[in-house]
Amino acid sequence: MSTQGLYSSEILKKALFDLPLGMPVSTSHLKEFGISRQLAYRYVQYGWLKQLGYGYFLRAGDKLIEKGAVASLQANGVKVHIGGKSALALKGFAHYLSMGGEKLTLYAHKARKLPEWFQEHYVVHLSNSVLFKEQEALMDRLCVSRLDNEPNSPFVSEPERAVLELLDLVPKQQTLDEARQLMEGLQSLRSKKMLLLLKACKKIKVKRLFWKVAEELHLPVLKKIDKFEIDFGSKSDYTLPGEKNLVLRNPNG
């Protein structure tokens with residue numbers, strides 16, 4: 001085998017099995033253990049790794065999963081997080097979604113293209129919409145956190161952010177009817193986080209649409225939010241399909 005047993009079997013085991021199942025191994029991860037790109041390709045020759053694409057590998061016997069694939073992108077410096085409908089599904093609202101063939105919704109900052117191996121495995125909607133006033137880093141995005149609070153799990157929008165991301169895609173990529181149906185299940189939205197996001201939201205359309213639909217559905221979150229803290233713009237900024245004006249009423253009277 002040479003090359004110091006291909007650089008110590010114990011170090012190799014640590015590098016390969018330090019990650020959860022279904023998560024690709026990236027060259028940046030291997031580098032943390034002192035394993036070079038050249039040595040990684042030797043591991044491919046020995047059958048310990050299978051190359052997915054440039055800089056990404058799957059361990060022998062492992063099976064790629066969506067959450068792991070996204071987490072690997074994020075760990076390798078790709079500034080994307082799971083958002084919108086996909087985030088709501090991961091947070092337990094899948095029973096409100098249509099079944100089968102769903103696109104994976106990713107929100108990005110300046111990431112115009114995903115690796116070819118990722119696109120080959122998943123049908124993705126990549127949005128570069130700048131929806132909030134916030135920092136670009138994943139750790140600094142508003143209401144974006146790791147799924148399951150595990151260090152190697154992907155960054156995912158919390159429900160309050162995910163619903164605004166969902167409405168951001170109406171009507172071009174998302175129907176209003178399905179958005180309404182999904183919002184019916186969001187009875188536990190947190191008022192403080194919802195207000196934070198509505199105040200930071202840069203799109204009048206999204207804020208007005210959320211408020212209108214939430215009013216119609218009598219979502220409890222509105223009872224604890226003062227709408228006068230939110231900039232909804234003028235009446236001409238956005239109208240719902242089939243309606244001349246979007247009228248915002250005080251939910252408390």
# chains A, B, ... in the order shown; residues from 1 in each chain; ligands from 1
$ select_by_dssp --residues "segment 4-240 of chain A" --states "strand (DSSP E)" --output "list in words"
Val25, Ser26, Leu49, Lys50, Gln51, Leu52, Gly53, Tyr56, Phe57, Leu58, Arg59, Val80, His81, Ile82, Leu104, Thr105, Leu106, Tyr107, Ala108, Val124, His125, Leu126, Ser127, Val144, Ser145, Arg146, Phe155, Val156 and Ser157 of chain A
$ residues_around --residues "segment 116-118 of chain A" --least-positions-apart "5" --cutoff "8 Å" --atoms "only C-alpha atoms" --output "list in words"
Leu52, Gly53 and Ala69 of chain A
$ write_last_selection --atoms "N, CA, C and O atoms" --output "PDB file, in the first residue's frame"
ATOM      1  N   LEU A  52     -18.152  11.485  -7.035  1.00  0.00           N
ATOM      2  CA  LEU A  52     -19.435  12.005  -7.500  1.00  0.00           C
ATOM      3  C   LEU A  52     -19.219  13.068  -8.562  1.00  0.00           C
ATOM      4  O   LEU A  52     -19.929  13.139  -9.565  1.00  0.00           O
ATOM      5  N   GLY A  53     -18.269  13.923  -8.310  1.00  0.00           N
ATOM      6  CA  GLY A  53     -17.940  15.023  -9.210  1.00  0.00           C
ATOM      7  C   GLY A  53     -16.680  15.668  -8.685  1.00  0.00           C
ATOM      8  O   GLY A  53     -16.098  15.213  -7.689  1.00  0.00           O
ATOM      9  N   ALA A  69     -26.466  15.663   0.904  1.00  0.00           N
ATOM     10  CA  ALA A  69     -25.901  16.308  -0.280  1.00  0.00           C
ATOM     11  C   ALA A  69     -25.845  17.830  -0.107  1.00  0.00           C
ATOM     12  O   ALA A  69     -24.846  18.475  -0.430  1.00  0.00           O
TER      13      ALA A  69
END
$ atom_distance --atom1 "atom CA of Lys110 of chain A" --atom2 "atom CA of Ala75 of chain A"
16.1 Å
$ atom_distance --atom1 "atom CA of Val156 of chain A" --atom2 "atom CA of Lys63 of chain A"
21.5 Å
$ atom_distance --atom1 "atom CA of Pro151 of chain A" --atom2 "atom CA of Leu73 of chain A"
14.0 Å
$ residues_around --residues "Gly47 of chain A" --least-positions-apart "3" --cutoff "9 Å" --atoms "only C-alpha atoms" --output "list of chain:residue names"
A:Arg42, A:Tyr43, A:Val44, A:Lys50, A:Arg59, A:Ala60
$ closest_residue --among "A:Gly34, A:Lys85, A:Gln135, A:Val80" --to "Arg112 of chain A" --atoms "only C-alpha atoms"
A:Val80
$ closest_residue --among "A:Pro159, A:Glu136, A:His29, A:Gln38" --to "Gly84 of chain A" --atoms "only C-alpha atoms"
A:Pro159
$ residues_around --residues "Gly68 of chain A" --least-positions-apart "5" --cutoff "10 Å" --atoms "only C-alpha atoms" --output "PDB file with N, CA, C and O atoms, in the first residue's frame"
ATOM      1  N   LEU A  19     -18.485  11.797   9.295  1.00  0.00           N
ATOM      2  CA  LEU A  19     -19.681  12.410   8.720  1.00  0.00           C
ATOM      3  C   LEU A  19     -20.867  11.443   8.786  1.00  0.00           C
ATOM      4  O   LEU A  19     -20.680  10.230   8.770  1.00  0.00           O
ATOM      5  N   PRO A  20     -22.083  11.969   8.840  1.00  0.00           N
ATOM      6  CA  PRO A  20     -23.265  11.091   8.874  1.00  0.00           C
ATOM      7  C   PRO A  20     -23.458  10.356   7.555  1.00  0.00           C
ATOM      8  O   PRO A  20     -22.967  10.803   6.506  1.00  0.00           O
ATOM      9  N   LEU A  21     -24.152   9.244   7.590  1.00  0.00           N
ATOM     10  CA  LEU A  21     -24.432   8.478   6.384  1.00  0.00           C
ATOM     11  C   LEU A  21     -25.216   9.333   5.389  1.00  0.00           C
ATOM     12  O   LEU A  21     -26.061  10.144   5.773  1.00  0.00           O
ATOM     13  N   GLY A  22     -24.930   9.160   4.108  1.00  0.00           N
ATOM     14  CA  GLY A  22     -25.643   9.896   3.074  1.00  0.00           C
ATOM     15  C   GLY A  22     -25.043  11.241   2.741  1.00  0.00           C
ATOM     16  O   GLY A  22     -25.503  11.918   1.822  1.00  0.00           O
ATOM     17  N   MET A  23     -24.007  11.644   3.473  1.00  0.00           N
ATOM     18  CA  MET A  23     -23.357  12.940   3.225  1.00  0.00           C
ATOM     19  C   MET A  23     -22.056  12.730   2.465  1.00  0.00           C
ATOM     20  O   MET A  23     -21.162  12.025   2.936  1.00  0.00           O
ATOM     21  N   PRO A  24     -21.934  13.311   1.282  1.00  0.00           N
ATOM     22  CA  PRO A  24     -20.698  13.164   0.517  1.00  0.00           C
ATOM     23  C   PRO A  24     -19.487  13.717   1.267  1.00  0.00           C
ATOM     24  O   PRO A  24     -19.609  14.621   2.097  1.00  0.00           O
ATOM     25  N   VAL A  25     -18.344  13.166   0.965  1.00  0.00           N
ATOM     26  CA  VAL A  25     -17.079  13.635   1.531  1.00  0.00           C
ATOM     27  C   VAL A  25     -16.464  14.608   0.527  1.00  0.00           C
ATOM     28  O   VAL A  25     -16.312  14.281  -0.648  1.00  0.00           O
ATOM     29  N   LYS A  63     -25.048   5.501   0.566  1.00  0.00           N
ATOM     30  CA  LYS A  63     -26.073   5.920  -0.391  1.00  0.00           C
ATOM     31  C   LYS A  63     -26.389   7.393  -0.180  1.00  0.00           C
ATOM     32  O   LYS A  63     -26.688   7.822   0.934  1.00  0.00           O
ATOM     33  N   LEU A  73     -22.542  20.489   0.263  1.00  0.00           N
ATOM     34  CA  LEU A  73     -22.353  21.732  -0.492  1.00  0.00           C
ATOM     35  C   LEU A  73     -22.037  22.883   0.461  1.00  0.00           C
ATOM     36  O   LEU A  73     -21.106  23.672   0.237  1.00  0.00           O
ATOM     37  N   GLN A  74     -22.847  22.994   1.515  1.00  0.00           N
ATOM     38  CA  GLN A  74     -22.664  24.080   2.472  1.00  0.00           C
ATOM     39  C   GLN A  74     -21.299  24.002   3.143  1.00  0.00           C
ATOM     40  O   GLN A  74     -20.620  25.024   3.305  1.00  0.00           O
ATOM     41  N   ASN A 152     -23.359  18.551  11.453  1.00  0.00           N
ATOM     42  CA  ASN A 152     -23.225  18.204  10.030  1.00  0.00           C
ATOM     43  C   ASN A 152     -24.565  18.120   9.310  1.00  0.00           C
ATOM     44  O   ASN A 152     -24.650  17.565   8.217  1.00  0.00           O
ATOM     45  N   SER A 153     -25.607  18.671   9.927  1.00  0.00           N
ATOM     46  CA  SER A 153     -26.905  18.708   9.241  1.00  0.00           C
ATOM     47  C   SER A 153     -26.993  19.997   8.434  1.00  0.00           C
ATOM     48  O   SER A 153     -26.285  20.972   8.706  1.00  0.00           O
ATOM     49  N   PRO A 154     -27.853  20.048   7.415  1.00  0.00           N
ATOM     50  CA  PRO A 154     -27.915  21.221   6.534  1.00  0.00           C
ATOM     51  C   PRO A 154     -28.601  22.414   7.190  1.00  0.00           C
ATOM     52  O   PRO A 154     -29.415  22.266   8.095  1.00  0.00           O
TER      53      PRO A 154
END
$ select_by_dssp --residues "segment 9-144 of chain A" --states "helix (DSSP H, G or I)" --output "PDB file with N, CA, C and O atoms, in the first residue's frame"
ATOM      1  N   SER A   9      -4.375   4.346   8.470  1.00  0.00           N
ATOM      2  CA  SER A   9      -5.750   3.868   8.342  1.00  0.00           C
ATOM      3  C   SER A   9      -6.657   4.492   9.386  1.00  0.00           C
ATOM      4  O   SER A   9      -7.845   4.690   9.155  1.00  0.00           O
ATOM      5  N   GLU A  10      -6.091   4.831  10.565  1.00  0.00           N
ATOM      6  CA  GLU A  10      -6.909   5.444  11.610  1.00  0.00           C
ATOM      7  C   GLU A  10      -7.356   6.842  11.207  1.00  0.00           C
ATOM      8  O   GLU A  10      -8.498   7.239  11.454  1.00  0.00           O
ATOM      9  N   ILE A  11      -6.454   7.608  10.597  1.00  0.00           N
ATOM     10  CA  ILE A  11      -6.804   8.952  10.128  1.00  0.00           C
ATOM     11  C   ILE A  11      -7.838   8.860   9.014  1.00  0.00           C
ATOM     12  O   ILE A  11      -8.787   9.634   8.954  1.00  0.00           O
ATOM     13  N   LEU A  12      -7.666   7.877   8.138  1.00  0.00           N
ATOM     14  CA  LEU A  12      -8.619   7.685   7.043  1.00  0.00           C
ATOM     15  C   LEU A  12     -10.004   7.347   7.597  1.00  0.00           C
ATOM     16  O   LEU A  12     -11.008   7.923   7.167  1.00  0.00           O
ATOM     17  N   LYS A  13     -10.061   6.435   8.571  1.00  0.00           N
ATOM     18  CA  LYS A  13     -11.351   6.074   9.164  1.00  0.00           C
ATOM     19  C   LYS A  13     -12.015   7.290   9.797  1.00  0.00           C
ATOM     20  O   LYS A  13     -13.227   7.490   9.673  1.00  0.00           O
ATOM     21  N   LYS A  14     -11.223   8.083  10.493  1.00  0.00           N
ATOM     22  CA  LYS A  14     -11.761   9.285  11.138  1.00  0.00           C
ATOM     23  C   LYS A  14     -12.315  10.245  10.096  1.00  0.00           C
ATOM     24  O   LYS A  14     -13.410  10.803  10.254  1.00  0.00           O
ATOM     25  N   ALA A  15     -11.580  10.441   9.004  1.00  0.00           N
ATOM     26  CA  ALA A  15     -12.008  11.368   7.955  1.00  0.00           C
ATOM     27  C   ALA A  15     -13.261  10.889   7.245  1.00  0.00           C
ATOM     28  O   ALA A  15     -14.163  11.676   6.946  1.00  0.00           O
ATOM     29  N   LEU A  16     -13.337   9.589   7.001  1.00  0.00           N
ATOM     30  CA  LEU A  16     -14.454   9.049   6.223  1.00  0.00           C
ATOM     31  C   LEU A  16     -15.705   8.821   7.051  1.00  0.00           C
ATOM     32  O   LEU A  16     -16.819   8.962   6.559  1.00  0.00           O
ATOM     33  N   PHE A  17     -15.536   8.477   8.312  1.00  0.00           N
ATOM     34  CA  PHE A  17     -16.699   8.104   9.107  1.00  0.00           C
ATOM     35  C   PHE A  17     -17.064   9.130  10.171  1.00  0.00           C
ATOM     36  O   PHE A  17     -17.912   8.889  11.023  1.00  0.00           O
ATOM     37  N   THR A  27     -13.352  17.418  -0.681  1.00  0.00           N
ATOM     38  CA  THR A  27     -11.908  17.585  -0.539  1.00  0.00           C
ATOM     39  C   THR A  27     -11.581  18.565   0.578  1.00  0.00           C
ATOM     40  O   THR A  27     -10.539  18.434   1.233  1.00  0.00           O
ATOM     41  N   SER A  28     -12.459  19.533   0.822  1.00  0.00           N
ATOM     42  CA  SER A  28     -12.215  20.478   1.910  1.00  0.00           C
ATOM     43  C   SER A  28     -12.306  19.773   3.259  1.00  0.00           C
ATOM     44  O   SER A  28     -11.558  20.092   4.195  1.00  0.00           O
ATOM     45  N   HIS A  29     -13.212  18.790   3.377  1.00  0.00           N
ATOM     46  CA  HIS A  29     -13.317  18.009   4.612  1.00  0.00           C
ATOM     47  C   HIS A  29     -12.069  17.148   4.798  1.00  0.00           C
ATOM     48  O   HIS A  29     -11.500  17.091   5.903  1.00  0.00           O
ATOM     49  N   LEU A  30     -11.634  16.489   3.742  1.00  0.00           N
ATOM     50  CA  LEU A  30     -10.445  15.649   3.839  1.00  0.00           C
ATOM     51  C   LEU A  30      -9.204  16.465   4.176  1.00  0.00           C
ATOM     52  O   LEU A  30      -8.324  15.999   4.912  1.00  0.00           O
ATOM     53  N   LYS A  31      -9.161  17.690   3.676  1.00  0.00           N
ATOM     54  CA  LYS A  31      -8.011  18.557   3.923  1.00  0.00           C
ATOM     55  C   LYS A  31      -7.847  18.841   5.412  1.00  0.00           C
ATOM     56  O   LYS A  31      -6.729  19.024   5.903  1.00  0.00           O
ATOM     57  N   ARG A  37      -5.796  16.239  -2.120  1.00  0.00           N
ATOM     58  CA  ARG A  37      -6.666  15.868  -3.243  1.00  0.00           C
ATOM     59  C   ARG A  37      -6.088  14.651  -3.975  1.00  0.00           C
ATOM     60  O   ARG A  37      -6.826  13.756  -4.392  1.00  0.00           O
ATOM     61  N   GLN A  38      -4.760  14.639  -4.117  1.00  0.00           N
ATOM     62  CA  GLN A  38      -4.114  13.529  -4.821  1.00  0.00           C
ATOM     63  C   GLN A  38      -4.323  12.211  -4.070  1.00  0.00           C
ATOM     64  O   GLN A  38      -4.609  11.166  -4.672  1.00  0.00           O
ATOM     65  N   LEU A  39      -4.219  12.266  -2.749  1.00  0.00           N
ATOM     66  CA  LEU A  39      -4.404  11.059  -1.955  1.00  0.00           C
ATOM     67  C   LEU A  39      -5.862  10.603  -1.994  1.00  0.00           C
ATOM     68  O   LEU A  39      -6.152   9.404  -2.011  1.00  0.00           O
ATOM     69  N   ALA A  40      -6.772  11.551  -2.063  1.00  0.00           N
ATOM     70  CA  ALA A  40      -8.196  11.215  -2.160  1.00  0.00           C
ATOM     71  C   ALA A  40      -8.460  10.397  -3.420  1.00  0.00           C
ATOM     72  O   ALA A  40      -9.236   9.427  -3.392  1.00  0.00           O
ATOM     73  N   TYR A  41      -7.803  10.769  -4.506  1.00  0.00           N
ATOM     74  CA  TYR A  41      -8.010  10.019  -5.746  1.00  0.00           C
ATOM     75  C   TYR A  41      -7.357   8.639  -5.685  1.00  0.00           C
ATOM     76  O   TYR A  41      -7.798   7.714  -6.380  1.00  0.00           O
ATOM     77  N   ARG A  42      -6.339   8.497  -4.828  1.00  0.00           N
ATOM     78  CA  ARG A  42      -5.778   7.160  -4.605  1.00  0.00           C
ATOM     79  C   ARG A  42      -6.814   6.294  -3.888  1.00  0.00           C
ATOM     80  O   ARG A  42      -6.944   5.097  -4.167  1.00  0.00           O
ATOM     81  N   TYR A  43      -7.570   6.905  -2.977  1.00  0.00           N
ATOM     82  CA  TYR A  43      -8.613   6.175  -2.264  1.00  0.00           C
ATOM     83  C   TYR A  43      -9.702   5.715  -3.231  1.00  0.00           C
ATOM     84  O   TYR A  43     -10.300   4.654  -3.045  1.00  0.00           O
ATOM     85  N   VAL A  44      -9.944   6.509  -4.268  1.00  0.00           N
ATOM     86  CA  VAL A  44     -10.904   6.116  -5.302  1.00  0.00           C
ATOM     87  C   VAL A  44     -10.394   4.867  -6.018  1.00  0.00           C
ATOM     88  O   VAL A  44     -11.145   3.910  -6.258  1.00  0.00           O
ATOM     89  N   GLN A  45      -9.100   4.843  -6.324  1.00  0.00           N
ATOM     90  CA  GLN A  45      -8.499   3.702  -7.012  1.00  0.00           C
ATOM     91  C   GLN A  45      -8.579   2.433  -6.168  1.00  0.00           C
ATOM     92  O   GLN A  45      -8.757   1.332  -6.694  1.00  0.00           O
ATOM     93  N   GLU A  66     -30.637  13.435   0.202  1.00  0.00           N
ATOM     94  CA  GLU A  66     -30.787  14.852  -0.115  1.00  0.00           C
ATOM     95  C   GLU A  66     -30.200  15.769   0.950  1.00  0.00           C
ATOM     96  O   GLU A  66     -29.462  16.707   0.656  1.00  0.00           O
ATOM     97  N   LYS A  67     -30.541  15.521   2.210  1.00  0.00           N
ATOM     98  CA  LYS A  67     -30.054  16.364   3.296  1.00  0.00           C
ATOM     99  C   LYS A  67     -28.529  16.344   3.362  1.00  0.00           C
ATOM    100  O   LYS A  67     -27.897  17.376   3.577  1.00  0.00           O
ATOM    101  N   GLY A  68     -27.965  15.165   3.192  1.00  0.00           N
ATOM    102  CA  GLY A  68     -26.516  15.044   3.234  1.00  0.00           C
ATOM    103  C   GLY A  68     -25.844  15.742   2.072  1.00  0.00           C
ATOM    104  O   GLY A  68     -24.780  16.363   2.233  1.00  0.00           O
ATOM    105  N   ALA A  69     -26.466  15.663   0.904  1.00  0.00           N
ATOM    106  CA  ALA A  69     -25.901  16.308  -0.280  1.00  0.00           C
ATOM    107  C   ALA A  69     -25.845  17.830  -0.107  1.00  0.00           C
ATOM    108  O   ALA A  69     -24.846  18.475  -0.430  1.00  0.00           O
ATOM    109  N   VAL A  70     -26.930  18.405   0.424  1.00  0.00           N
ATOM    110  CA  VAL A  70     -26.961  19.855   0.650  1.00  0.00           C
ATOM    111  C   VAL A  70     -25.959  20.255   1.727  1.00  0.00           C
ATOM    112  O   VAL A  70     -25.244  21.250   1.590  1.00  0.00           O
ATOM    113  N   ALA A  71     -25.892  19.464   2.797  1.00  0.00           N
ATOM    114  CA  ALA A  71     -24.949  19.755   3.875  1.00  0.00           C
ATOM    115  C   ALA A  71     -23.509  19.753   3.367  1.00  0.00           C
ATOM    116  O   ALA A  71     -22.679  20.561   3.792  1.00  0.00           O
ATOM    117  N   SER A  72     -23.230  18.850   2.429  1.00  0.00           N
ATOM    118  CA  SER A  72     -21.880  18.781   1.867  1.00  0.00           C
ATOM    119  C   SER A  72     -21.566  20.026   1.042  1.00  0.00           C
ATOM    120  O   SER A  72     -20.457  20.561   1.108  1.00  0.00           O
ATOM    121  N   LEU A  73     -22.542  20.489   0.263  1.00  0.00           N
ATOM    122  CA  LEU A  73     -22.353  21.732  -0.492  1.00  0.00           C
ATOM    123  C   LEU A  73     -22.037  22.883   0.461  1.00  0.00           C
ATOM    124  O   LEU A  73     -21.106  23.672   0.237  1.00  0.00           O
ATOM    125  N   GLN A  74     -22.847  22.994   1.515  1.00  0.00           N
ATOM    126  CA  GLN A  74     -22.664  24.080   2.472  1.00  0.00           C
ATOM    127  C   GLN A  74     -21.299  24.002   3.143  1.00  0.00           C
ATOM    128  O   GLN A  74     -20.620  25.024   3.305  1.00  0.00           O
ATOM    129  N   ALA A  75     -20.892  22.800   3.527  1.00  0.00           N
ATOM    130  CA  ALA A  75     -19.599  22.617   4.179  1.00  0.00           C
ATOM    131  C   ALA A  75     -18.443  22.951   3.242  1.00  0.00           C
ATOM    132  O   ALA A  75     -17.348  23.316   3.688  1.00  0.00           O
ATOM    133  N   GLY A  84     -38.304  27.669   1.529  1.00  0.00           N
ATOM    134  CA  GLY A  84     -39.637  27.538   0.962  1.00  0.00           C
ATOM    135  C   GLY A  84     -40.328  26.233   1.286  1.00  0.00           C
ATOM    136  O   GLY A  84     -40.302  25.734   2.411  1.00  0.00           O
ATOM    137  N   LYS A  85     -40.967  25.655   0.271  1.00  0.00           N
ATOM    138  CA  LYS A  85     -41.743  24.422   0.441  1.00  0.00           C
ATOM    139  C   LYS A  85     -40.880  23.270   0.948  1.00  0.00           C
ATOM    140  O   LYS A  85     -41.311  22.480   1.788  1.00  0.00           O
ATOM    141  N   SER A  86     -39.648  23.186   0.476  1.00  0.00           N
ATOM    142  CA  SER A  86     -38.752  22.103   0.896  1.00  0.00           C
ATOM    143  C   SER A  86     -38.434  22.199   2.383  1.00  0.00           C
ATOM    144  O   SER A  86     -38.375  21.184   3.076  1.00  0.00           O
ATOM    145  N   ALA A  87     -38.234  23.413   2.876  1.00  0.00           N
ATOM    146  CA  ALA A  87     -37.952  23.604   4.299  1.00  0.00           C
ATOM    147  C   ALA A  87     -39.164  23.233   5.135  1.00  0.00           C
ATOM    148  O   ALA A  87     -39.042  22.597   6.190  1.00  0.00           O
ATOM    149  N   LEU A  88     -40.351  23.620   4.681  1.00  0.00           N
ATOM    150  CA  LEU A  88     -41.572  23.288   5.413  1.00  0.00           C
ATOM    151  C   LEU A  88     -41.775  21.773   5.474  1.00  0.00           C
ATOM    152  O   LEU A  88     -42.227  21.237   6.484  1.00  0.00           O
ATOM    153  N   ALA A  89     -41.427  21.076   4.400  1.00  0.00           N
ATOM    154  CA  ALA A  89     -41.544  19.615   4.392  1.00  0.00           C
ATOM    155  C   ALA A  89     -40.604  18.996   5.425  1.00  0.00           C
ATOM    156  O   ALA A  89     -40.980  18.097   6.176  1.00  0.00           O
ATOM    157  N   LEU A  90     -39.368  19.504   5.489  1.00  0.00           N
ATOM    158  CA  LEU A  90     -38.405  18.971   6.449  1.00  0.00           C
ATOM    159  C   LEU A  90     -38.794  19.291   7.885  1.00  0.00           C
ATOM    160  O   LEU A  90     -38.409  18.578   8.817  1.00  0.00           O
ATOM    161  N   LYS A  91     -39.567  20.355   8.058  1.00  0.00           N
ATOM    162  CA  LYS A  91     -39.996  20.756   9.401  1.00  0.00           C
ATOM    163  C   LYS A  91     -41.295  20.059   9.826  1.00  0.00           C
ATOM    164  O   LYS A  91     -41.855  20.370  10.874  1.00  0.00           O
ATOM    165  N   GLY A  92     -41.776  19.136   8.990  1.00  0.00           N
ATOM    166  CA  GLY A  92     -42.923  18.340   9.401  1.00  0.00           C
ATOM    167  C   GLY A  92     -44.254  18.723   8.808  1.00  0.00           C
ATOM    168  O   GLY A  92     -45.303  18.293   9.290  1.00  0.00           O
ATOM    169  N   PHE A  93     -44.255  19.518   7.745  1.00  0.00           N
ATOM    170  CA  PHE A  93     -45.507  19.931   7.120  1.00  0.00           C
ATOM    171  C   PHE A  93     -45.734  19.236   5.785  1.00  0.00           C
ATOM    172  O   PHE A  93     -46.483  19.717   4.944  1.00  0.00           O
ATOM    173  N   ALA A  94     -45.088  18.087   5.569  1.00  0.00           N
ATOM    174  CA  ALA A  94     -45.171  17.379   4.286  1.00  0.00           C
ATOM    175  C   ALA A  94     -46.584  16.925   3.969  1.00  0.00           C
ATOM    176  O   ALA A  94     -46.957  16.804   2.802  1.00  0.00           O
ATOM    177  N   HIS A  95     -47.406  16.677   5.003  1.00  0.00           N
ATOM    178  CA  HIS A  95     -48.762  16.166   4.746  1.00  0.00           C
ATOM    179  C   HIS A  95     -49.655  17.250   4.155  1.00  0.00           C
ATOM    180  O   HIS A  95     -50.774  16.981   3.755  1.00  0.00           O
ATOM    181  N   TYR A  96     -49.157  18.498   4.081  1.00  0.00           N
ATOM    182  CA  TYR A  96     -49.936  19.552   3.449  1.00  0.00           C
ATOM    183  C   TYR A  96     -49.488  19.776   2.001  1.00  0.00           C
ATOM    184  O   TYR A  96     -50.018  20.632   1.315  1.00  0.00           O
ATOM    185  N   GLU A 116     -22.498  19.762 -11.144  1.00  0.00           N
ATOM    186  CA  GLU A 116     -23.231  18.905 -12.080  1.00  0.00           C
ATOM    187  C   GLU A 116     -23.741  17.638 -11.404  1.00  0.00           C
ATOM    188  O   GLU A 116     -24.860  17.183 -11.676  1.00  0.00           O
ATOM    189  N   TRP A 117     -22.948  17.031 -10.514  1.00  0.00           N
ATOM    190  CA  TRP A 117     -23.378  15.789  -9.867  1.00  0.00           C
ATOM    191  C   TRP A 117     -24.646  16.012  -9.053  1.00  0.00           C
ATOM    192  O   TRP A 117     -25.519  15.152  -9.009  1.00  0.00           O
ATOM    193  N   PHE A 118     -24.757  17.212  -8.443  1.00  0.00           N
ATOM    194  CA  PHE A 118     -25.923  17.524  -7.625  1.00  0.00           C
ATOM    195  C   PHE A 118     -27.163  17.650  -8.506  1.00  0.00           C
ATOM    196  O   PHE A 118     -28.230  17.137  -8.182  1.00  0.00           O
ATOM    197  N   GLN A 119     -27.002  18.322  -9.643  1.00  0.00           N
ATOM    198  CA  GLN A 119     -28.129  18.502 -10.560  1.00  0.00           C
ATOM    199  C   GLN A 119     -28.547  17.188 -11.208  1.00  0.00           C
ATOM    200  O   GLN A 119     -29.707  17.020 -11.584  1.00  0.00           O
ATOM    201  N   GLU A 120     -27.634  16.278 -11.345  1.00  0.00           N
ATOM    202  CA  GLU A 120     -27.962  14.971 -11.915  1.00  0.00           C
ATOM    203  C   GLU A 120     -28.825  14.145 -10.964  1.00  0.00           C
ATOM    204  O   GLU A 120     -29.650  13.340 -11.403  1.00  0.00           O
ATOM    205  N   HIS A 121     -28.647  14.360  -9.674  1.00  0.00           N
ATOM    206  CA  HIS A 121     -29.372  13.570  -8.675  1.00  0.00           C
ATOM    207  C   HIS A 121     -30.688  14.207  -8.241  1.00  0.00           C
ATOM    208  O   HIS A 121     -31.613  13.495  -7.820  1.00  0.00           O
ATOM    209  N   LEU A 138     -24.233  31.914   5.917  1.00  0.00           N
ATOM    210  CA  LEU A 138     -25.315  31.033   6.370  1.00  0.00           C
ATOM    211  C   LEU A 138     -25.607  31.222   7.852  1.00  0.00           C
ATOM    212  O   LEU A 138     -26.759  31.242   8.280  1.00  0.00           O
ATOM    213  N   MET A 139     -24.558  31.373   8.647  1.00  0.00           N
ATOM    214  CA  MET A 139     -24.714  31.508  10.091  1.00  0.00           C
ATOM    215  C   MET A 139     -25.425  32.805  10.476  1.00  0.00           C
ATOM    216  O   MET A 139     -25.977  32.915  11.569  1.00  0.00           O
ATOM    217  N   ASP A 140     -25.385  33.800   9.583  1.00  0.00           N
ATOM    218  CA  ASP A 140     -25.942  35.116   9.896  1.00  0.00           C
ATOM    219  C   ASP A 140     -27.300  35.383   9.248  1.00  0.00           C
ATOM    220  O   ASP A 140     -27.859  36.460   9.417  1.00  0.00           O
TER     221      ASP A 140
END
$ closest_residue --among "A:Asn76, A:Ala137, A:Asn128, A:Glu184" --to "Pro115 of chain A" --atoms "only C-alpha atoms"
A:Asn76
$ closest_residue --among "A:Leu126, A:Leu217, A:Ala108, A:Val163" --to "Arg141 of chain A" --atoms "only C-alpha atoms"
A:Ala108
